[in-house]
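Undergrad: Structure: protein35.cif, mmCIF, C-alpha atoms.
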```cif
data_data
#
loop_
_atom_site.label_atom_id
_atom_site.label_comp_id
_atom_site.auth_asym_id
_atom_site.auth_seq_id
_atom_site.Cartn_x
_atom_site.Cartn_y
_atom_site.Cartn_z
CA MET A 140 -71.67 6.29 -145.91
CA PRO A 141 -73.65 6.21 -142.65
CA SER A 142 -76.84 4.17 -142.62
CA ALA A 143 -80.23 5.88 -142.65
CA THR A 144 -80.93 4.71 -139.09
CA ALA A 145 -77.68 6.03 -137.67
CA SER A 146 -79.24 9.28 -136.43
CA VAL A 147 -82.40 7.62 -135.12
CA PRO A 148 -82.22 7.19 -131.32
CA PRO A 149 -82.31 3.57 -130.16
CA PRO A 150 -85.79 2.37 -129.14
CA THR A 151 -84.44 1.55 -125.69
CA ARG A 152 -83.90 5.24 -124.93
CA THR A 153 -85.97 7.10 -122.35
CA ALA A 154 -85.50 10.47 -120.66
CA ALA A 155 -83.78 8.72 -117.75
CA THR A 156 -81.25 6.83 -119.90
CA ARG A 157 -80.58 9.96 -121.98
CA ASN A 158 -79.79 11.98 -118.85
CA LEU A 159 -77.72 9.12 -117.47
CA GLY A 160 -75.79 8.95 -120.74
CA LEU A 161 -75.13 12.70 -120.74
CA LEU A 162 -73.99 12.48 -117.12
CA ALA A 163 -71.62 9.63 -118.01
CA ILE A 164 -70.11 11.57 -120.94
CA ALA A 165 -69.66 14.76 -118.90
CA GLY A 166 -68.20 12.77 -116.02
CA SER A 167 -65.77 10.98 -118.35
CA VAL A 168 -64.49 14.32 -119.68
CA VAL A 169 -63.97 15.67 -116.15
CA LEU A 170 -62.29 12.42 -115.11
CA ALA A 171 -59.90 12.66 -118.08
CA LEU A 172 -59.01 16.22 -117.10
CA LEU A 173 -58.46 15.25 -113.47
CA GLY A 174 -56.59 12.02 -114.19
CA LEU A 175 -54.42 13.20 -117.08
CA ILE A 176 -53.80 16.87 -116.26
CA PHE A 177 -54.74 18.18 -112.81
CA THR A 178 -53.55 15.42 -110.47
CA ALA A 179 -49.90 15.28 -109.46
CA GLU A 180 -47.45 12.54 -110.38
CA ASP A 181 -46.75 9.89 -107.78
CA VAL A 182 -43.50 10.11 -105.78
CA ASP A 183 -42.55 6.52 -106.57
CA GLN A 184 -44.43 5.69 -109.78
CA GLY A 185 -44.23 9.02 -111.61
CA SER A 186 -46.84 9.64 -114.31
CA SER A 187 -47.75 5.93 -114.65
CA VAL A 188 -50.06 6.45 -111.67
CA ARG A 189 -52.47 8.11 -114.15
CA ILE A 190 -53.49 4.62 -115.28
CA MET A 191 -54.88 4.09 -111.77
CA TYR A 192 -57.85 6.41 -112.49
CA VAL A 193 -59.24 3.93 -115.01
CA HIS A 194 -57.71 0.67 -113.75
CA VAL A 195 -59.05 0.75 -110.18
CA PRO A 196 -62.58 2.08 -110.95
CA THR A 197 -63.15 -0.50 -113.69
CA ALA A 198 -62.05 -3.25 -111.29
CA TRP A 199 -64.37 -2.06 -108.51
CA VAL A 200 -67.32 -1.56 -110.87
CA ALA A 201 -66.71 -5.04 -112.33
CA TYR A 202 -66.98 -6.41 -108.78
CA LEU A 203 -70.16 -4.37 -108.34
CA ALA A 204 -71.54 -5.77 -111.62
CA PHE A 205 -70.89 -9.35 -110.56
CA VAL A 206 -72.42 -8.78 -107.11
CA PHE A 207 -75.46 -7.19 -108.81
CA THR A 208 -75.68 -10.23 -111.07
CA ALA A 209 -75.69 -12.47 -108.00
CA VAL A 210 -78.34 -10.36 -106.21
CA CYS A 211 -80.62 -10.41 -109.27
CA SER A 212 -80.04 -14.15 -109.66
CA ALA A 213 -80.98 -14.75 -106.01
CA GLY A 214 -84.07 -12.58 -106.57
CA HIS A 215 -85.03 -14.71 -109.54
CA LEU A 216 -84.43 -18.03 -107.80
CA TRP A 217 -86.12 -17.23 -104.48
CA GLY A 218 -88.57 -14.52 -105.49
CA LYS A 219 -92.26 -15.45 -105.57
CA LYS A 220 -92.66 -14.54 -109.24
CA HIS A 221 -89.30 -15.95 -110.45
CA SER A 222 -89.03 -12.77 -112.46
CA LEU A 223 -87.41 -13.13 -115.88
CA ASN A 224 -86.64 -9.42 -115.81
CA LEU A 225 -84.30 -10.04 -112.88
CA ASP A 226 -82.64 -12.76 -114.94
CA ARG A 227 -82.17 -10.36 -117.84
CA LEU A 228 -80.74 -7.71 -115.49
CA ALA A 229 -78.32 -10.34 -114.17
CA GLY A 230 -77.24 -11.18 -117.73
CA ALA A 231 -76.85 -7.54 -118.76
CA SER A 232 -74.86 -6.76 -115.62
CA ALA A 233 -72.53 -9.73 -116.19
CA GLU A 234 -71.87 -8.64 -119.79
CA VAL A 235 -70.88 -5.15 -118.67
CA GLY A 236 -68.87 -6.62 -115.80
CA VAL A 237 -66.90 -8.79 -118.22
CA ILE A 238 -66.05 -5.73 -120.33
CA PHE A 239 -64.89 -3.79 -117.26
CA MET A 240 -62.89 -6.76 -115.98
CA GLY A 241 -61.25 -7.08 -119.40
CA VAL A 242 -60.37 -3.38 -119.28
CA THR A 243 -58.92 -3.90 -115.79
CA LEU A 244 -56.70 -6.72 -117.04
CA VAL A 245 -55.47 -4.77 -120.09
CA THR A 246 -54.79 -1.51 -118.24
CA GLY A 247 -53.18 -3.46 -115.39
CA SER A 248 -50.95 -5.20 -117.90
CA LEU A 249 -49.82 -1.88 -119.36
CA TRP A 250 -49.29 -0.44 -115.88
CA GLY A 251 -47.33 -3.59 -114.97
CA ARG A 252 -45.03 -3.06 -117.95
CA LEU A 253 -44.19 0.42 -116.65
CA SER A 254 -43.90 -0.54 -112.97
CA TRP A 255 -42.55 -4.09 -113.04
CA GLY A 256 -41.01 -4.25 -116.53
CA THR A 257 -43.35 -7.03 -117.65
CA TYR A 258 -46.87 -7.22 -119.08
CA TRP A 259 -47.82 -10.34 -117.16
CA GLN A 260 -46.80 -12.38 -114.15
CA TRP A 261 -48.58 -15.41 -112.69
CA ASP A 262 -49.00 -13.44 -109.50
CA PRO A 263 -51.91 -14.25 -107.10
CA ARG A 264 -53.86 -11.03 -107.84
CA LEU A 265 -53.37 -11.21 -111.60
CA THR A 266 -54.13 -14.92 -111.77
CA THR A 267 -57.28 -14.75 -109.62
CA THR A 268 -58.51 -11.73 -111.62
CA ALA A 269 -57.97 -13.60 -114.89
CA PHE A 270 -59.79 -16.58 -113.37
CA LEU A 271 -62.73 -14.36 -112.39
CA PHE A 272 -62.83 -12.95 -115.93
CA VAL A 273 -62.88 -16.44 -117.47
CA THR A 274 -65.53 -17.59 -114.98
CA TYR A 275 -67.93 -14.85 -116.11
CA ILE A 276 -67.23 -15.60 -119.77
CA GLY A 277 -68.31 -19.12 -118.79
CA TYR A 278 -71.42 -17.68 -117.13
CA LEU A 279 -72.30 -15.87 -120.38
CA ALA A 280 -71.70 -19.10 -122.31
CA VAL A 281 -74.11 -20.90 -119.96
CA ARG A 282 -76.71 -18.20 -120.69
CA GLY A 283 -76.28 -18.90 -124.39
CA LEU A 284 -77.09 -22.61 -124.11
CA GLY A 285 -80.44 -23.76 -125.50
CA GLY A 286 -83.70 -24.35 -123.66
CA THR A 287 -86.57 -22.21 -122.51
CA GLN A 288 -86.15 -18.79 -120.92
CA ARG A 289 -87.04 -20.28 -117.51
CA GLN A 290 -84.37 -22.99 -117.91
CA ARG A 291 -81.81 -20.38 -118.94
CA ALA A 292 -82.69 -18.21 -115.95
CA LYS A 293 -82.50 -21.02 -113.41
CA ARG A 294 -79.22 -22.57 -114.51
CA SER A 295 -77.44 -19.24 -115.00
CA ALA A 296 -78.67 -17.99 -111.60
CA ILE A 297 -77.08 -21.01 -109.91
CA VAL A 298 -73.79 -20.41 -111.74
CA ALA A 299 -73.86 -16.71 -110.78
CA LEU A 300 -74.32 -17.53 -107.08
CA PHE A 301 -71.22 -19.75 -107.14
CA ALA A 302 -69.16 -17.38 -109.33
CA VAL A 303 -69.60 -14.39 -107.01
CA LEU A 304 -67.76 -16.29 -104.24
CA GLU A 305 -64.53 -15.69 -106.15
CA ILE A 306 -64.60 -11.93 -105.54
CA PRO A 307 -63.34 -12.02 -101.90
CA LEU A 308 -60.58 -14.36 -103.07
CA VAL A 309 -59.50 -11.84 -105.73
CA HIS A 310 -59.69 -8.87 -103.37
CA PHE A 311 -57.79 -10.50 -100.51
CA SER A 312 -55.32 -12.38 -102.71
CA VAL A 313 -52.69 -9.70 -102.02
CA VAL A 314 -53.12 -10.32 -98.28
CA ILE A 315 -53.39 -14.11 -98.33
CA TRP A 316 -50.39 -14.72 -100.60
CA ARG A 317 -47.12 -12.89 -101.29
CA SER A 318 -47.93 -10.76 -104.28
CA LEU A 319 -46.12 -8.53 -106.75
CA HIS A 320 -49.31 -6.45 -106.92
CA GLN A 321 -49.49 -3.65 -104.36
CA GLN A 322 -51.77 -4.01 -101.35
CA ALA A 323 -54.99 -2.04 -100.98
CA THR A 324 -54.47 1.74 -100.69
CA VAL A 325 -58.07 2.80 -100.09
CA LEU A 326 -60.03 -0.25 -98.91
CA ARG A 327 -57.57 -1.11 -96.13
CA PRO A 328 -58.67 -3.17 -93.12
CA ASN A 329 -57.46 -0.45 -90.69
CA GLY A 330 -59.30 2.32 -92.61
CA ASP A 331 -56.13 4.43 -92.99
CA VAL A 332 -55.99 5.95 -96.51
CA THR A 333 -52.49 7.05 -97.53
CA MET A 334 -53.21 9.09 -100.64
CA ASP A 335 -53.08 12.74 -101.68
CA GLY A 336 -56.45 14.55 -101.44
CA LEU A 337 -56.95 15.32 -105.14
CA MET A 338 -55.71 11.88 -106.15
CA LEU A 339 -58.19 10.24 -103.79
CA PHE A 340 -60.99 12.52 -104.99
CA SER A 341 -60.20 11.70 -108.65
CA LEU A 342 -60.17 7.99 -107.86
CA ILE A 343 -63.55 8.11 -106.10
CA PHE A 344 -64.88 10.34 -108.89
CA GLY A 345 -63.70 7.71 -111.39
CA VAL A 346 -65.66 5.06 -109.50
CA ALA A 347 -68.77 7.27 -109.67
CA VAL A 348 -68.29 7.85 -113.42
CA PHE A 349 -67.83 4.17 -114.23
CA THR A 350 -70.80 3.28 -112.01
CA THR A 351 -72.93 5.73 -114.05
CA ILE A 352 -71.65 4.17 -117.28
CA PHE A 353 -72.46 0.74 -115.85
CA ALA A 354 -76.05 1.75 -114.98
CA TRP A 355 -76.54 3.33 -118.41
CA LEU A 356 -75.27 0.28 -120.29
CA VAL A 357 -77.22 -2.19 -118.14
CA LEU A 358 -80.51 -0.31 -118.61
CA HIS A 359 -80.13 -0.30 -122.40
CA ARG A 360 -78.92 -3.89 -122.58
CA ASN A 361 -81.72 -5.11 -120.32
CA ARG A 362 -84.28 -3.58 -122.68
CA VAL A 363 -82.68 -5.19 -125.74
CA LEU A 364 -82.70 -8.56 -123.97
CA ALA A 365 -86.40 -8.04 -123.11
CA MET A 366 -87.13 -7.35 -126.79
CA GLU A 367 -85.21 -10.46 -127.83
CA ASP A 368 -87.10 -12.59 -125.30
CA ALA A 369 -90.44 -11.18 -126.47
CA MET A 370 -89.48 -11.90 -130.09
CA GLU A 371 -88.54 -15.46 -129.21
CA LEU A 372 -91.82 -16.07 -127.37
CA ARG A 373 -93.83 -14.61 -130.23
CA GLY A 374 -91.95 -16.85 -132.66
CA ILE A 375 -92.85 -19.89 -130.58
CA ASP A 376 -96.51 -18.75 -130.36
CA THR A 377 -96.65 -18.31 -134.14
CA ALA A 378 -95.13 -21.74 -134.75
CA LEU A 379 -97.58 -23.37 -132.30
CA ALA A 380 -100.56 -21.63 -133.94
CA ALA A 381 -99.40 -22.82 -137.37
CA ARG A 382 -99.01 -26.36 -136.08
CA ARG A 383 -102.49 -26.33 -134.51
CA SER A 384 -104.08 -25.08 -137.73
CA GLU A 385 -102.31 -27.90 -139.62
CA GLU A 386 -103.76 -30.46 -137.17
CA VAL A 387 -107.28 -29.05 -137.53
CA SER A 388 -107.16 -29.07 -141.33
CA SER A 389 -105.73 -32.63 -141.58
CA MET B 143 -43.59 2.91 -126.70
CA LYS B 144 -42.85 5.96 -124.62
CA HIS B 145 -44.04 6.32 -121.03
CA ALA B 146 -46.86 8.70 -122.01
CA ASP B 147 -48.01 6.35 -124.79
CA PHE B 148 -48.79 3.64 -122.25
CA ILE B 149 -50.98 6.06 -120.34
CA ILE B 150 -52.85 7.30 -123.43
CA VAL B 151 -53.32 3.75 -124.73
CA SER B 152 -54.64 2.67 -121.31
CA TRP B 153 -57.25 5.42 -121.32
CA LEU B 154 -58.26 4.71 -124.93
CA LEU B 155 -58.57 1.00 -124.17
CA SER B 156 -60.75 1.82 -121.17
CA PHE B 157 -63.38 3.83 -123.02
CA GLY B 158 -63.08 2.20 -126.48
CA PRO B 159 -64.64 -1.19 -125.60
CA VAL B 160 -67.40 0.53 -123.61
CA MET B 161 -68.30 2.74 -126.58
CA PHE B 162 -68.17 -0.22 -128.96
CA TYR B 163 -70.49 -2.24 -126.69
CA ALA B 164 -72.95 0.66 -126.43
CA TRP B 165 -72.93 1.19 -130.22
CA ARG B 166 -73.40 -2.54 -130.92
CA ASN B 167 -76.29 -2.74 -128.45
CA ALA B 168 -77.99 0.33 -129.95
CA ARG B 169 -77.62 -1.16 -133.45
CA ARG B 170 -79.19 -4.43 -132.27
CA ALA B 171 -82.05 -2.47 -130.65
CA ARG B 172 -82.77 -0.61 -133.90
CA HIS B 173 -82.60 -3.83 -135.88
CA ILE B 174 -85.13 -5.81 -133.83
CA ASN B 175 -87.37 -2.87 -132.90
CA PRO B 176 -89.79 -3.26 -135.88
CA LEU B 177 -90.20 -6.96 -135.04
CA VAL B 178 -91.36 -6.38 -131.46
CA ASP B 179 -94.84 -5.26 -130.39
CA GLU B 180 -95.15 -1.99 -128.48
CA ALA B 181 -96.85 -3.97 -125.69
CA ASP B 182 -93.56 -5.76 -125.10
CA LYS B 183 -91.74 -2.47 -124.49
CA PRO B 184 -93.09 -1.25 -121.13
CA TRP B 185 -90.51 1.56 -120.97
CA THR B 186 -91.98 3.37 -124.01
#
```
Since I need it in another form, could you write the structure as structure tokens?
TA:
Amino acid sequence: MPSATASVPPPTRTAATRNLGLLAIAGSVVLALLGLIFTAEDVDQGSSVRIMYVHVPTAWVAYLAFVFTAVCSAGHLWGKKHSLNLDRLAGASAEVGVIFMGVTLVTGSLWGRLSWGTYWQWDPRLTTTAFLFVTYIGYLAVRGLGGTQRQRAKRSAIVALFAVLEIPLVHFSVVIWRSLHQQATVLRPNGDVTMDGLMLFSLIFGVAVFTTIFAWLVLHRNRVLAMEDAMELRGIDTALAARRSEEVSS
Amino acid sequence: MKHADFIIVSWLLSFGPVMFYAWRNARRARHINPLVDEADKPWT
């Protein structure tokens, strides 16, 4: 039986997040139609290319999430106010990035089974991607360590600024080393894109859809983190007030 | 699994975790909402 609060909208909802959510849902439906029905099969890969429309966008948006985490972290560290909201945005973005990176690894594994006959190979691209995924799980673990909110923000910001340096290594791993993974088809150094028009459009559309989902999730998560921080501070204030009243009465 | 199954499973595994994360976050928001002052929710 559903709970009584199931139909109540979350308190983090605003008109902007509602519209963003609706846009993300509508976009996902269109992406599914494009990716699963309207686009043609690939000459070499056949229908398995349909995994590309979720695999590549989630990878790119995970990169975007981790870069956003680094930018917010830098803003916290070097900004005049050392804003805790920037720290919370960094944390929310990293959480969503980890989910997208996990999706990239799983869908890539399934695609690999169809293309290469194996779910996993210790190939440079796959290994560096897995390493990036584990690094950001580590970042989230660092955020969960004890201490004040300022201490959490400072130490996790430093970790985020180091972790983001892995992204170029992941992206160029197929160029630097001999890799089973195919080389870039869209983001090529010479700018030449060798892809059918509708396939390319669907891929870019997928990136836009997952970016919208990313923004929607981060906005909601950031607000929940703000509520948790406020609750924690109020708890400390209450405990301090109780302690002071004990000292006065004794 | 058949060829098409891999594709369907890939798509389900792409949106499933995202939906689960969104649901879990909304549940947490509803849970702690009564414990937080309105002044601490500048978006409302």
Undergrad: Would you please work out which residue, of B:Arg166, B:Pro184, B:Met161, B:Ser156, is nearest to chain A when using all atoms listed in the file?
TA: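 So, comparing all the options, the nearest one is B:Ser156.
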Undergrad: Please identify every residue of chain B that has at least one atom no farther than 7 Å from an atom of chain A, counting all atoms listed in the file, and for each give the shortest atom pair and the distance in Å to one decimal, arranged by chain then increasing number, as JSON lines.
TA:
```
{"residue": "B:Phe148", "atom": "CA", "partner": "A:Leu249", "partner_atom": "CA", "distance": 6.3}
{"residue": "B:Ile149", "atom": "CA", "partner": "A:Ile190", "partner_atom": "CA", "distance": 5.8}
{"residue": "B:Ser152", "atom": "CA", "partner": "A:Thr246", "partner_atom": "CA", "distance": 5.2}
{"residue": "B:Trp153", "atom": "CA", "partner": "A:Val193", "partner_atom": "CA", "distance": 6.8}
{"residue": "B:Leu155", "atom": "CA", "partner": "A:Val242", "partner_atom": "CA", "distance": 6.8}
{"residue": "B:Ser156", "atom": "CA", "partner": "A:Val242", "partner_atom": "CA", "distance": 5.5}
{"residue": "B:Ala164", "atom": "CA", "partner": "A:Leu356", "partner_atom": "CA", "distance": 6.6}
{"residue": "B:Asn167", "atom": "CA", "partner": "A:Arg360", "partner_atom": "CA", "distance": 6.5}
{"residue": "B:Ala168", "atom": "CA", "partner": "A:Pro149", "partner_atom": "CA", "distance": 5.4}
{"residue": "B:Ala171", "atom": "CA", "partner": "A:Val363", "partner_atom": "CA", "distance": 5.6}
{"residue": "B:Arg172", "atom": "CA", "partner": "A:Pro149", "partner_atom": "CA", "distance": 5.6}
{"residue": "B:Asn175", "atom": "CA", "partner": "A:Pro150", "partner_atom": "CA", "distance": 6.6}
{"residue": "B:Val178", "atom": "CA", "partner": "A:Met370", "partner_atom": "CA", "distance": 6.0}
{"residue": "B:Asp182", "atom": "CA", "partner": "A:Ala369", "partner_atom": "CA", "distance": 6.4}
```
Undergrad: Restricting the calculation to all atoms listed in the file, which member of A:Ile176, A:Leu161, A:Ala354, A:Leu244 is positioned closest to B:Ile150?
TA: A:Ile176
Undergrad: Name the residues that the PyMOL selection byres ((chain A and resi 215) around 12) picks from the file above, as a PyMOL selection string, using the file's chain letters and numbers.
TA: chain A and resi 208-214+216-230+289-297+299-300
Undergrad: Could you tell me how far atom CA of A:Val273 lies from atom CA of B:Tyr163, in Å and to one decimal?
TA: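 Straight-line distance from atom CA of A:Val273 to atom CA of B:Tyr163 works out to 18.6 Å.
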Undergrad: Quick one, how far is atom CA of A:Thr351 from atom CA of A:Val200?
TA: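 Atom CA of A:Val200 lies 9.7 Å from atom CA of A:Thr351.
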Undergrad: Can you tell me how far atom CA of A:Gly345 sits from atom CA of A:Pro196, in Å to one decimal?
TA: 5.8 Å
Undergrad: Tell me, as a CSV table (one decimal) with C-alpha atoms, keeping the file's coordinate frame, which residues lie within 7 Å of A:Val313, counting all atoms listed in the file; anything in the same chain fewer than 3 positions away does not count.
TA:
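Contents of part.csv, freshly written:
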```csv
chain,number,residue,atom,x,y,z
A,263,PRO,CA,-51.9,-14.2,-107.1
A,264,ARG,CA,-53.9,-11.0,-107.8
A,316,TRP,CA,-50.4,-14.7,-100.6
A,317,ARG,CA,-47.1,-12.9,-101.3
A,318,SER,CA,-47.9,-10.8,-104.3
A,320,HIS,CA,-49.3,-6.4,-106.9
A,322,GLN,CA,-51.8,-4.0,-101.4
```
Undergrad: When distances are computed from all atoms listed in the file, which of A:Leu319, A:Ser254, A:Ile343, A:Ala302 shows the smallest separation from A:Asp181?
TA: A:Ser254
